[in-house]
Structure formats: structure tokens, C-alpha cells
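Engineer: Just passing along the structure, written as C-alpha cells.
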Amino acid sequence: MHELTDRELYEAIEYARNIDEEAGRSIMEGFQVEQPALAQTLFNIFPSLIAKQNQEMANMFMELSFDALCVYQHAFGKVPAQTEEWLERQMALLDAELQSLTPDQQMDEKIRAKLQKRFTERAYNEVTQLRLIEVMNESIGDYASESIERVASVKFTENMMFIVIRLLSNLYSQATDN
């Protein structure tokens, strides 16, 4: 897997955002059949965490997660098959870092800050689609600016979107490594 050029990225985003309802439903159904654990994580578990802060941001997150899935499929092909164990390993690696990103999770603030720093440094080294993260963060910020109630959940939503892109990058990278 390679880092997308700006042109490749914008073509993939254009594709993702112009999918009609029928094609979108087909993509989601295929993803849910081929990757049930990952689909459950991206489109149920993660949005429910965001919804604790703001339901509108959770809905936006699901739309952006769908866009990210479509970007990867358009740019790199069909989602590589992985097992539920693969996702469990990925999530185990992220567990403490995810806890540090969850505001209602009780944790010593020094430990939280250290984990968040480690998460950001390590994750940015692992993710190749940094421009996609920037585009998604811009979308989150633009959407949040439309309502003061959404603003408090921006950082958490950005972090969760970063995790989605990291999981997709890991999924496609592992497929190309095999």
C-alpha cells in the first residue's frame, strides 16, 4: 500500500461522496458479510462511544467512516479478508490508548497524557494516509462549527476517525505484506 497522492485521494473522496444509495447499501452489506467484526466496531461500537457526547457527531462519524471505507476500496481494491482474531489483536494493541482517549474513563491524568502522546506518535508512524486524516478532521471541524453542542466532542471524534483510518491502513498493509 502506498500513500495516496492528492489527486488519487480527491478522486477517491469524490467517488465516496457521490455513491448513490443503492451502491452504498451494497458496499455496506458486502463489508458486513466479509468483515463482520470490523463492521460492528466501525459502525456500531465507535459511534456509540461518540454518541455519549453528541449524537449528531456520532452520525457524522458514521458517514465519514463509510467515506474512509470507500476511499480505501476505490484506491486499493476490495477489503482484504481478515479474521475476528486479527481485529482483536489490533484492538488489544490500541486498548490502553483508546482508554486514554475516552473522557469518562477514570485514569491518572499524567498516565492519560503519556498514553495519548504515545498513541499519537506511534500511530502517525504506522498510518500512511495522513492527508486523508487531515481531510476527515476538516470535515469534522466544519460540521462541529455549525452547532455549539458539537464542539466539545470534536477531539474525541477526530481521535476515533484516526483509529478508523489506522485500522483500514493496517488491514490493507497486512494484505500487501502477505
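Chain labels run A, B, ... following the order of the C-alpha cells; each chain numbers its residues from 1, and ligands are numbered from 1 in the order shown.
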Using DSSP on the backbone coordinates, identify all residues within stretch 14-92 of chain A classified as alpha helix (DSSP H); present the result as a count of residues only.

Structural biologist: 60

Engineer: I want to know what sits within 9 Å of A:Cys70, based on only C-alpha atoms, with residues of the same chain fewer than 5 positions away left out; could you give that as a ChimeraX atom specification?

Structural biologist: /A:12-13,15-17,24,27,65,75

Engineer: Restricting the output to all heavy atoms, write the selected residues as a PDB file, in the first residue's frame.

Structural biologist:
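Below is the file again.pdb, written as the result:
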```pdb
ATOM      1  N   ALA A  12     -10.771   9.542  -4.980  1.00  0.00           N
ATOM      2  CA  ALA A  12     -11.406   8.542  -4.123  1.00  0.00           C
ATOM      3  C   ALA A  12     -12.474   9.173  -3.233  1.00  0.00           C
ATOM      4  O   ALA A  12     -13.549   8.592  -3.038  1.00  0.00           O
ATOM      5  CB  ALA A  12     -10.349   7.826  -3.274  1.00  0.00           C
ATOM      6  N   ILE A  13     -12.201  10.374  -2.716  1.00  0.00           N
ATOM      7  CA  ILE A  13     -13.197  11.067  -1.888  1.00  0.00           C
ATOM      8  C   ILE A  13     -14.399  11.456  -2.746  1.00  0.00           C
ATOM      9  O   ILE A  13     -15.548  11.302  -2.323  1.00  0.00           O
ATOM     10  CB  ILE A  13     -12.577  12.300  -1.201  1.00  0.00           C
ATOM     11  CG1 ILE A  13     -11.601  11.838  -0.117  1.00  0.00           C
ATOM     12  CG2 ILE A  13     -13.660  13.197  -0.605  1.00  0.00           C
ATOM     13  CD1 ILE A  13     -10.761  12.954   0.483  1.00  0.00           C
ATOM     14  N   TYR A  15     -15.445   9.942  -5.394  1.00  0.00           N
ATOM     15  CA  TYR A  15     -16.166   8.678  -5.599  1.00  0.00           C
ATOM     16  C   TYR A  15     -17.023   8.356  -4.376  1.00  0.00           C
ATOM     17  O   TYR A  15     -18.211   8.063  -4.496  1.00  0.00           O
ATOM     18  CB  TYR A  15     -15.167   7.558  -5.873  1.00  0.00           C
ATOM     19  CG  TYR A  15     -15.725   6.177  -5.681  1.00  0.00           C
ATOM     20  CD1 TYR A  15     -16.538   5.584  -6.650  1.00  0.00           C
ATOM     21  CD2 TYR A  15     -15.474   5.464  -4.514  1.00  0.00           C
ATOM     22  CE1 TYR A  15     -17.068   4.315  -6.460  1.00  0.00           C
ATOM     23  CE2 TYR A  15     -16.000   4.196  -4.316  1.00  0.00           C
ATOM     24  CZ  TYR A  15     -16.800   3.627  -5.294  1.00  0.00           C
ATOM     25  OH  TYR A  15     -17.328   2.378  -5.098  1.00  0.00           O
ATOM     26  N   ALA A  16     -16.402   8.419  -3.182  1.00  0.00           N
ATOM     27  CA  ALA A  16     -17.100   8.047  -1.948  1.00  0.00           C
ATOM     28  C   ALA A  16     -18.312   8.936  -1.689  1.00  0.00           C
ATOM     29  O   ALA A  16     -19.369   8.452  -1.283  1.00  0.00           O
ATOM     30  CB  ALA A  16     -16.142   8.118  -0.761  1.00  0.00           C
ATOM     31  N   ARG A  17     -18.178  10.192  -1.937  1.00  0.00           N
ATOM     32  CA  ARG A  17     -19.255  11.132  -1.602  1.00  0.00           C
ATOM     33  C   ARG A  17     -20.324  11.228  -2.680  1.00  0.00           C
ATOM     34  O   ARG A  17     -21.351  11.863  -2.470  1.00  0.00           O
ATOM     35  CB  ARG A  17     -18.662  12.496  -1.290  1.00  0.00           C
ATOM     36  CG  ARG A  17     -17.810  12.403  -0.028  1.00  0.00           C
ATOM     37  CD  ARG A  17     -17.426  13.672   0.552  1.00  0.00           C
ATOM     38  NE  ARG A  17     -16.762  13.440   1.845  1.00  0.00           N
ATOM     39  CZ  ARG A  17     -15.991  14.308   2.448  1.00  0.00           C
ATOM     40  NH1 ARG A  17     -15.780  15.490   1.909  1.00  0.00           N
ATOM     41  NH2 ARG A  17     -15.424  14.024   3.605  1.00  0.00           N
ATOM     42  N   GLY A  24     -24.244   2.345  -2.147  1.00  0.00           N
ATOM     43  CA  GLY A  24     -23.802   2.463  -0.763  1.00  0.00           C
ATOM     44  C   GLY A  24     -24.288   1.297   0.082  1.00  0.00           C
ATOM     45  O   GLY A  24     -23.528   0.740   0.884  1.00  0.00           O
ATOM     46  N   ILE A  27     -22.233  -1.753  -0.782  1.00  0.00           N
ATOM     47  CA  ILE A  27     -20.900  -1.707  -0.173  1.00  0.00           C
ATOM     48  C   ILE A  27     -20.988  -2.086   1.302  1.00  0.00           C
ATOM     49  O   ILE A  27     -20.202  -2.909   1.799  1.00  0.00           O
ATOM     50  CB  ILE A  27     -20.262  -0.312  -0.347  1.00  0.00           C
ATOM     51  CG1 ILE A  27     -19.883  -0.098  -1.815  1.00  0.00           C
ATOM     52  CG2 ILE A  27     -19.042  -0.139   0.565  1.00  0.00           C
ATOM     53  CD1 ILE A  27     -19.502   1.327  -2.154  1.00  0.00           C
ATOM     54  N   SER A  65     -16.763   7.432   8.348  1.00  0.00           N
ATOM     55  CA  SER A  65     -16.208   6.071   8.346  1.00  0.00           C
ATOM     56  C   SER A  65     -16.569   5.365   7.049  1.00  0.00           C
ATOM     57  O   SER A  65     -15.734   4.654   6.468  1.00  0.00           O
ATOM     58  CB  SER A  65     -16.726   5.269   9.546  1.00  0.00           C
ATOM     59  OG  SER A  65     -16.227   5.815  10.750  1.00  0.00           O
ATOM     60  N   ALA A  75      -9.305   3.137  -3.915  1.00  0.00           N
ATOM     61  CA  ALA A  75      -7.879   3.293  -4.184  1.00  0.00           C
ATOM     62  C   ALA A  75      -7.106   1.976  -4.178  1.00  0.00           C
ATOM     63  O   ALA A  75      -6.161   1.816  -4.951  1.00  0.00           O
ATOM     64  CB  ALA A  75      -7.262   4.249  -3.156  1.00  0.00           C
TER      65      ALA A  75
END
```

Engineer: Write out as number ranges by chain each polymer residue whose atoms come within 10 Å of stretch 146-154 of chain A, counting only C-alpha atoms; drop sequence neighbours fewer than 4 positions from it.

Structural biologist: A: 50-58, 103, 137, 140-142, 158-160

Engineer: Put those residues in a file: all heavy atoms, as a short mmCIF file (atom, residue, chain, number, x, y, z; two decimals), in the first residue's frame.

Structural biologist:
```cif
data_model
loop_
_atom_site.label_atom_id
_atom_site.label_comp_id
_atom_site.auth_asym_id
_atom_site.auth_seq_id
_atom_site.Cartn_x
_atom_site.Cartn_y
_atom_site.Cartn_z
N ILE A 50 -19.04 7.87 20.76
CA ILE A 50 -19.17 9.29 20.41
C ILE A 50 -20.55 9.80 20.80
O ILE A 50 -20.70 10.93 21.28
CB ILE A 50 -18.89 9.52 18.91
CG1 ILE A 50 -17.43 9.16 18.61
CG2 ILE A 50 -19.18 10.97 18.51
CD1 ILE A 50 -17.10 9.08 17.13
N ALA A 51 -21.57 8.97 20.63
CA ALA A 51 -22.95 9.37 20.95
C ALA A 51 -23.12 9.72 22.42
O ALA A 51 -24.01 10.52 22.77
CB ALA A 51 -23.93 8.28 20.54
N LYS A 52 -22.28 9.19 23.28
CA LYS A 52 -22.34 9.55 24.70
C LYS A 52 -22.08 11.03 24.89
O LYS A 52 -22.54 11.64 25.84
CB LYS A 52 -21.33 8.74 25.51
CG LYS A 52 -21.69 7.27 25.63
CD LYS A 52 -20.62 6.52 26.40
CE LYS A 52 -20.94 5.04 26.46
NZ LYS A 52 -19.89 4.27 27.16
N GLN A 53 -21.33 11.61 23.95
CA GLN A 53 -21.04 13.04 24.00
C GLN A 53 -22.01 13.84 23.13
O GLN A 53 -22.47 14.90 23.53
CB GLN A 53 -19.62 13.30 23.54
CG GLN A 53 -18.59 12.75 24.48
CD GLN A 53 -17.18 13.05 23.99
OE1 GLN A 53 -16.95 13.90 23.12
NE2 GLN A 53 -16.21 12.36 24.55
N ASN A 54 -22.26 13.33 21.91
CA ASN A 54 -23.14 14.06 20.99
C ASN A 54 -23.60 13.13 19.87
O ASN A 54 -22.76 12.63 19.10
CB ASN A 54 -22.39 15.28 20.41
CG ASN A 54 -23.26 16.13 19.54
OD1 ASN A 54 -23.55 15.78 18.41
ND2 ASN A 54 -23.69 17.27 20.08
N GLN A 55 -24.90 12.93 19.76
CA GLN A 55 -25.45 12.02 18.76
C GLN A 55 -25.21 12.51 17.34
O GLN A 55 -24.94 11.71 16.44
CB GLN A 55 -26.96 11.81 19.00
CG GLN A 55 -27.60 10.82 18.05
CD GLN A 55 -26.98 9.43 18.14
OE1 GLN A 55 -26.89 8.86 19.23
NE2 GLN A 55 -26.56 8.87 17.01
N GLU A 56 -25.29 13.82 17.12
CA GLU A 56 -25.06 14.33 15.77
C GLU A 56 -23.64 14.05 15.30
O GLU A 56 -23.41 13.70 14.14
CB GLU A 56 -25.34 15.84 15.73
CG GLU A 56 -26.80 16.19 15.94
CD GLU A 56 -27.04 17.67 16.10
OE1 GLU A 56 -26.12 18.39 16.55
OE2 GLU A 56 -28.14 18.11 15.77
N MET A 57 -22.67 14.18 16.20
CA MET A 57 -21.28 13.88 15.83
C MET A 57 -21.10 12.39 15.58
O MET A 57 -20.32 11.99 14.71
CB MET A 57 -20.31 14.36 16.92
CG MET A 57 -20.21 15.88 17.00
SD MET A 57 -19.58 16.67 15.50
CE MET A 57 -17.83 16.37 15.70
N ALA A 58 -21.85 11.56 16.30
CA ALA A 58 -21.79 10.11 16.07
C ALA A 58 -22.30 9.78 14.67
O ALA A 58 -21.73 8.94 13.97
CB ALA A 58 -22.60 9.36 17.12
N PRO A 103 -13.03 10.28 27.55
CA PRO A 103 -13.05 11.27 28.62
C PRO A 103 -13.65 10.76 29.93
O PRO A 103 -13.21 11.15 31.00
CB PRO A 103 -13.90 12.41 28.06
CG PRO A 103 -14.10 12.13 26.64
CD PRO A 103 -13.77 10.71 26.38
N ASN A 137 -10.57 15.38 9.39
CA ASN A 137 -10.59 16.33 10.51
C ASN A 137 -11.20 17.66 10.09
O ASN A 137 -11.92 18.29 10.86
CB ASN A 137 -9.19 16.53 11.08
CG ASN A 137 -8.73 15.35 11.91
OD1 ASN A 137 -9.50 14.44 12.23
ND2 ASN A 137 -7.46 15.34 12.25
N ILE A 140 -14.91 17.15 10.10
CA ILE A 140 -15.41 17.12 11.48
C ILE A 140 -15.47 18.53 12.04
O ILE A 140 -16.49 18.93 12.63
CB ILE A 140 -14.51 16.21 12.36
CG1 ILE A 140 -14.69 14.75 11.94
CG2 ILE A 140 -14.83 16.40 13.85
CD1 ILE A 140 -13.64 13.80 12.49
N GLY A 141 -14.42 19.30 11.85
CA GLY A 141 -14.40 20.68 12.33
C GLY A 141 -15.47 21.54 11.70
O GLY A 141 -16.15 22.32 12.39
N ASP A 142 -15.64 21.41 10.38
CA ASP A 142 -16.68 22.18 9.68
C ASP A 142 -18.07 21.83 10.22
O ASP A 142 -18.88 22.71 10.47
CB ASP A 142 -16.63 21.92 8.17
CG ASP A 142 -15.42 22.54 7.51
OD1 ASP A 142 -14.73 23.38 8.14
OD2 ASP A 142 -15.15 22.17 6.34
N GLU A 158 -12.33 13.18 16.21
CA GLU A 158 -11.12 13.14 15.38
C GLU A 158 -10.24 11.94 15.76
O GLU A 158 -9.71 11.25 14.89
CB GLU A 158 -10.31 14.43 15.55
CG GLU A 158 -10.93 15.63 14.90
CD GLU A 158 -10.17 16.91 15.17
OE1 GLU A 158 -9.33 16.97 16.09
OE2 GLU A 158 -10.43 17.90 14.44
N ASN A 159 -10.09 11.69 17.06
CA ASN A 159 -9.29 10.55 17.50
C ASN A 159 -9.89 9.23 17.04
O ASN A 159 -9.17 8.33 16.60
CB ASN A 159 -9.14 10.55 19.02
CG ASN A 159 -8.21 11.63 19.51
OD1 ASN A 159 -7.33 12.09 18.80
ND2 ASN A 159 -8.41 12.06 20.75
N MET A 160 -11.19 9.11 17.10
CA MET A 160 -11.85 7.88 16.67
C MET A 160 -11.72 7.71 15.15
O MET A 160 -11.51 6.60 14.66
CB MET A 160 -13.31 7.86 17.11
CG MET A 160 -13.51 7.86 18.63
SD MET A 160 -12.65 6.53 19.50
CE MET A 160 -13.63 5.15 19.01
#
```

Engineer: Please measure the separation of atom CA of A:Phe61 and atom CA of A:Thr41, giving the value in Å to one decimal.

Structural biologist: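 Between atom CA of A:Phe61 and atom CA of A:Thr41 the gap works out to 12.4 Å.
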
Engineer: When you count only C-alpha atoms, which of these residues is closest to A:Gln40: A:Tyr172, A:Glu8, A:Met28, A:Glu21?

Structural biologist: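 When distances to A:Gln40 are compared using only C-alpha atoms, the smallest one comes from A:Met28.
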
Engineer: Using only C-alpha atoms, which of the listed residues (A:Val71, A:Pro80, A:Met60, A:Ser48) sits closest to A:Gly30?

Structural biologist: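 Among A:Val71, A:Pro80, A:Met60, A:Ser48, it is A:Pro80 that comes nearest to A:Gly30.
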
Engineer: From the set A:Phe162, A:Trp86, A:Phe156, A:Tyr72, which residue has the shortest atom-to-atom contact distance to A:Leu4, counting only C-alpha atoms?

Structural biologist: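 Distance minimum relative to A:Leu4 lands on A:Tyr72.
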